[in-house]
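Working notes, beginning with the structure itself.
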Amino acid sequence: MDGQQQNVVTDKYGNKYSPDGRTLIKGANIPNNYVSAGCEVIGPGAFEEADRLASIFLPDSLTEISKFAFYGCRSLEHIHLPDKLSTIGYCAFFDSRLRSICLPESLVSVGEEAFGYCCFLDRFSGKFASDDGRFLVQHEILMSFAPYGKIKIQVPDDVVTIVTRAFSCCHELETVIVPDSVVAIGSRAFNLCRNLQTIIIPESLKWIAKDAFYECSPYLRIVKR
């Protein structure tokens, strides 16, 4: 056992922290969890594949949720992001069961695929959320989409780039209209959108990844306007 493991601090829920209590290193796989006051960082992969975790309370002191922090938490439905949070890392909530997410105004950056494969997500609110609550748009970059229950969508007019897996695993989606503002569509942007029948793209689109529609419907029509 290395020094870091020997010196971890464990709370009453079974969560393990750095000696100063500022970083949660390993989270307990229990249905309802509480992160201790004074914690500032949920470390990389801290709750990765914690399949029993359904809800979690985060303290006001928290400023960062690192990459893969809640990756594969397939029972996680409820989380409230604190007002001081500034960073959500790459794949932080990938493949979770979140229904809605409110992004605090303190947020500075959201990593790619942070909400990838969140098939039950139906609303973003707060920082970076589109007016209809369906899109997370960070500095003209479409980072993610809340897919639940939507069949036809129009990408917001202020989007310039659609990033990797922005629409991943949107099973119900059938029609997408891409505005003239979009110049690039990233790798596997529509990965596993197996019911996607039509995507309408502008003539002005400059680049689209070869695998942007990886494992989509074989009947997909790409229409230029």
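By convention here, the chains of the structure tokens are called A, B, ... in the order presented, each chain's residues are numbered starting at 1, and ligands are numbered starting at 1 in the order presented.
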
Go through range 115-173 of chain A residue by residue and, counting only C-alpha atoms, keep those with an atom at most 12 Å from range 59-82 of chain A; for each kept residue give the shortest atom pair and its distance in Å to one decimal, ordered by chain and increasing number, as a Markdown table.
| residue | atom | partner | partner_atom | distance |
| --- | --- | --- | --- | --- |
| A:Phe115 | CA | A:Tyr71 | CA | 9.4 |
| A:Gly116 | CA | A:Tyr71 | CA | 9.6 |
| A:Tyr117 | CA | A:Gly72 | CA | 9.4 |
| A:Cys118 | CA | A:Arg74 | CA | 9.1 |
| A:Cys119 | CA | A:Arg74 | CA | 10.4 |
| A:Phe120 | CA | A:Glu77 | CA | 9.0 |
| A:Leu121 | CA | A:Glu77 | CA | 9.3 |
| A:Asp122 | CA | A:Glu77 | CA | 11.8 |
| A:Ser125 | CA | A:Leu81 | CA | 11.4 |
| A:Gly126 | CA | A:Leu81 | CA | 10.7 |
| A:Lys127 | CA | A:Leu81 | CA | 11.5 |

Emit the selected residues as a PDB file, in the first residue's frame, including N, CA and C atoms.
ATOM      1  N   PHE A 115     -21.645  14.654 -20.620  1.00  0.00           N
ATOM      2  CA  PHE A 115     -22.990  14.099 -20.482  1.00  0.00           C
ATOM      3  C   PHE A 115     -23.299  13.133 -21.626  1.00  0.00           C
ATOM      4  N   GLY A 116     -22.264  12.525 -22.182  1.00  0.00           N
ATOM      5  CA  GLY A 116     -22.442  11.547 -23.245  1.00  0.00           C
ATOM      6  C   GLY A 116     -23.204  10.319 -22.772  1.00  0.00           C
ATOM      7  N   TYR A 117     -24.014   9.765 -23.651  1.00  0.00           N
ATOM      8  CA  TYR A 117     -24.775   8.544 -23.369  1.00  0.00           C
ATOM      9  C   TYR A 117     -25.748   8.708 -22.199  1.00  0.00           C
ATOM     10  N   CYS A 118     -26.121   9.940 -21.871  1.00  0.00           N
ATOM     11  CA  CYS A 118     -27.129  10.175 -20.831  1.00  0.00           C
ATOM     12  C   CYS A 118     -28.503  10.140 -21.504  1.00  0.00           C
ATOM     13  N   CYS A 119     -28.990   8.942 -21.768  1.00  0.00           N
ATOM     14  CA  CYS A 119     -30.174   8.748 -22.600  1.00  0.00           C
ATOM     15  C   CYS A 119     -31.465   9.237 -21.964  1.00  0.00           C
ATOM     16  N   PHE A 120     -31.484   9.412 -20.632  1.00  0.00           N
ATOM     17  CA  PHE A 120     -32.701   9.826 -19.943  1.00  0.00           C
ATOM     18  C   PHE A 120     -32.724  11.328 -19.661  1.00  0.00           C
ATOM     19  N   LEU A 121     -31.684  12.029 -20.071  1.00  0.00           N
ATOM     20  CA  LEU A 121     -31.580  13.462 -19.811  1.00  0.00           C
ATOM     21  C   LEU A 121     -32.562  14.230 -20.692  1.00  0.00           C
ATOM     22  N   ASP A 122     -33.398  15.067 -20.063  1.00  0.00           N
ATOM     23  CA  ASP A 122     -34.359  15.822 -20.870  1.00  0.00           C
ATOM     24  C   ASP A 122     -34.265  17.332 -20.706  1.00  0.00           C
ATOM     25  N   SER A 125     -30.378  23.420 -17.606  1.00  0.00           N
ATOM     26  CA  SER A 125     -30.753  24.786 -17.231  1.00  0.00           C
ATOM     27  C   SER A 125     -29.526  25.478 -16.663  1.00  0.00           C
ATOM     28  N   GLY A 126     -29.584  26.811 -16.586  1.00  0.00           N
ATOM     29  CA  GLY A 126     -28.451  27.564 -16.061  1.00  0.00           C
ATOM     30  C   GLY A 126     -27.409  27.873 -17.120  1.00  0.00           C
ATOM     31  N   LYS A 127     -26.146  27.948 -16.702  1.00  0.00           N
ATOM     32  CA  LYS A 127     -25.034  28.340 -17.570  1.00  0.00           C
ATOM     33  C   LYS A 127     -24.928  27.411 -18.776  1.00  0.00           C
TER      34      LYS A 127
END

Legend entry - Non-local contacts of range 11-14 of chain A (10 Å; only C-alpha atoms; under 4 positions in same chain excluded) as a VMD selection string: chain A and resid 21 26 to 30 32 to 36

Legend entry - Residue neighbourhood Pro202 in chain A, 6 Å, only C-alpha atoms, exclusion window fewer than 6 positions, as a PyMOL selection string: chain A and resi 180+224-225

Legend entry - Interatomic distance, CA of Lys206 in chain A to CA of Val108 in chain A (Å, one decimal): 28.1 Å

Legend entry - Test item: residues at most 12 Å from Leu205 in chain A, only C-alpha atoms, excluding those fewer than 5 positions along its chain, as an MDAnalysis selection string: chainID A and resid 160:162 178:186 200 223:225

Output for the residues just chosen: C-alpha atoms as a PDB file, in the first residue's frame:
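out_24.pdb was written with the following content:
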ATOM      1  CA  VAL A 160     -20.444  26.841 -34.890  1.00  0.00           C
ATOM      2  CA  THR A 161     -19.089  23.373 -34.008  1.00  0.00           C
ATOM      3  CA  ILE A 162     -20.719  20.090 -32.988  1.00  0.00           C
ATOM      4  CA  VAL A 178     -28.327  21.950 -38.771  1.00  0.00           C
ATOM      5  CA  PRO A 179     -28.192  25.763 -39.161  1.00  0.00           C
ATOM      6  CA  ASP A 180     -25.965  27.755 -41.545  1.00  0.00           C
ATOM      7  CA  SER A 181     -23.741  28.801 -38.638  1.00  0.00           C
ATOM      8  CA  VAL A 182     -22.291  25.289 -38.194  1.00  0.00           C
ATOM      9  CA  VAL A 183     -18.951  24.756 -39.962  1.00  0.00           C
ATOM     10  CA  ALA A 184     -17.776  21.446 -38.432  1.00  0.00           C
ATOM     11  CA  ILE A 185     -19.254  18.188 -37.123  1.00  0.00           C
ATOM     12  CA  GLY A 186     -16.903  16.036 -35.049  1.00  0.00           C
ATOM     13  CA  ILE A 200     -30.391  18.498 -43.077  1.00  0.00           C
ATOM     14  CA  VAL A 223     -29.779  16.386 -47.237  1.00  0.00           C
ATOM     15  CA  LYS A 224     -27.959  19.550 -48.238  1.00  0.00           C
ATOM     16  CA  ARG A 225     -29.933  22.771 -48.526  1.00  0.00           C
TER      17      ARG A 225
END

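Counting from CA of Pro31 in chain A, the distance to CA of Pro44 in chain A is 20.2 Å.
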
Inset, instruction - Would you please give, as number ranges by chain, all residues of chain A that DSSP assigns to helix (DSSP H, G or I) based on the backbone? - result: A: 3-6

May I have the selected residues written with C-alpha atoms, as a short mmCIF file (atom, residue, chain, number, x, y, z; two decimals), in the first residue's frame?
data_model
loop_
_atom_site.label_atom_id
_atom_site.label_comp_id
_atom_site.auth_asym_id
_atom_site.auth_seq_id
_atom_site.Cartn_x
_atom_site.Cartn_y
_atom_site.Cartn_z
CA GLY A 3 1.65 6.46 1.20
CA GLN A 4 -1.41 8.11 -0.33
CA GLN A 5 -3.57 5.06 0.37
CA GLN A 6 -2.25 4.83 3.95
#

Inset, instruction - Write out as a PyMOL selection string all residues of chain A that backbone DSSP assigns to strand (DSSP E or B). - result: chain A and resi 9-10+16-17+23-26+32-34+41-42+55-57+64-65+78-79+87-88+100-103+109-110+123-126+129+135-138+141-145+152-154+161-162+175-177+184-185+198-201+207-208+221-224

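Contact shell of Arg165 in chain A at 9 Å (only C-alpha atoms; same-chain neighbours under 4 positions omitted): A:Glu112, A:Glu113, A:Gly116, A:Tyr117, A:Met143, A:Ser144, A:Cys169, A:Gly186, A:Ser187, A:Arg188, A:Ala189, A:Phe190, A:Asn191, A:Ala212.
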
Write out, as a short mmCIF file (atom, residue, chain, number, x, y, z; two decimals), in the first residue's frame, the residues just selected, with C-alpha atoms.
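Result file is part22.cif:
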data_model
loop_
_atom_site.label_atom_id
_atom_site.label_comp_id
_atom_site.auth_asym_id
_atom_site.auth_seq_id
_atom_site.Cartn_x
_atom_site.Cartn_y
_atom_site.Cartn_z
CA GLU A 112 -16.32 16.85 -24.04
CA GLU A 113 -18.67 13.91 -23.49
CA GLY A 116 -22.44 11.55 -23.24
CA TYR A 117 -24.77 8.54 -23.37
CA MET A 143 -21.19 20.02 -26.26
CA SER A 144 -24.23 17.89 -25.50
CA CYS A 169 -27.01 7.30 -28.12
CA GLY A 186 -16.90 16.04 -35.05
CA SER A 187 -16.08 12.34 -34.81
CA ARG A 188 -19.04 10.10 -33.91
CA ALA A 189 -21.16 13.17 -33.24
CA PHE A 190 -24.30 11.09 -33.89
CA ASN A 191 -22.93 7.76 -32.68
CA ALA A 212 -19.82 11.28 -37.63
#

Legend entry - Selected residue of minimal separation from Leu220 in chain A among A:Ser204, A:Ser86, A:Ser109, A:Thr198, counting only C-alpha atoms: A:Thr198
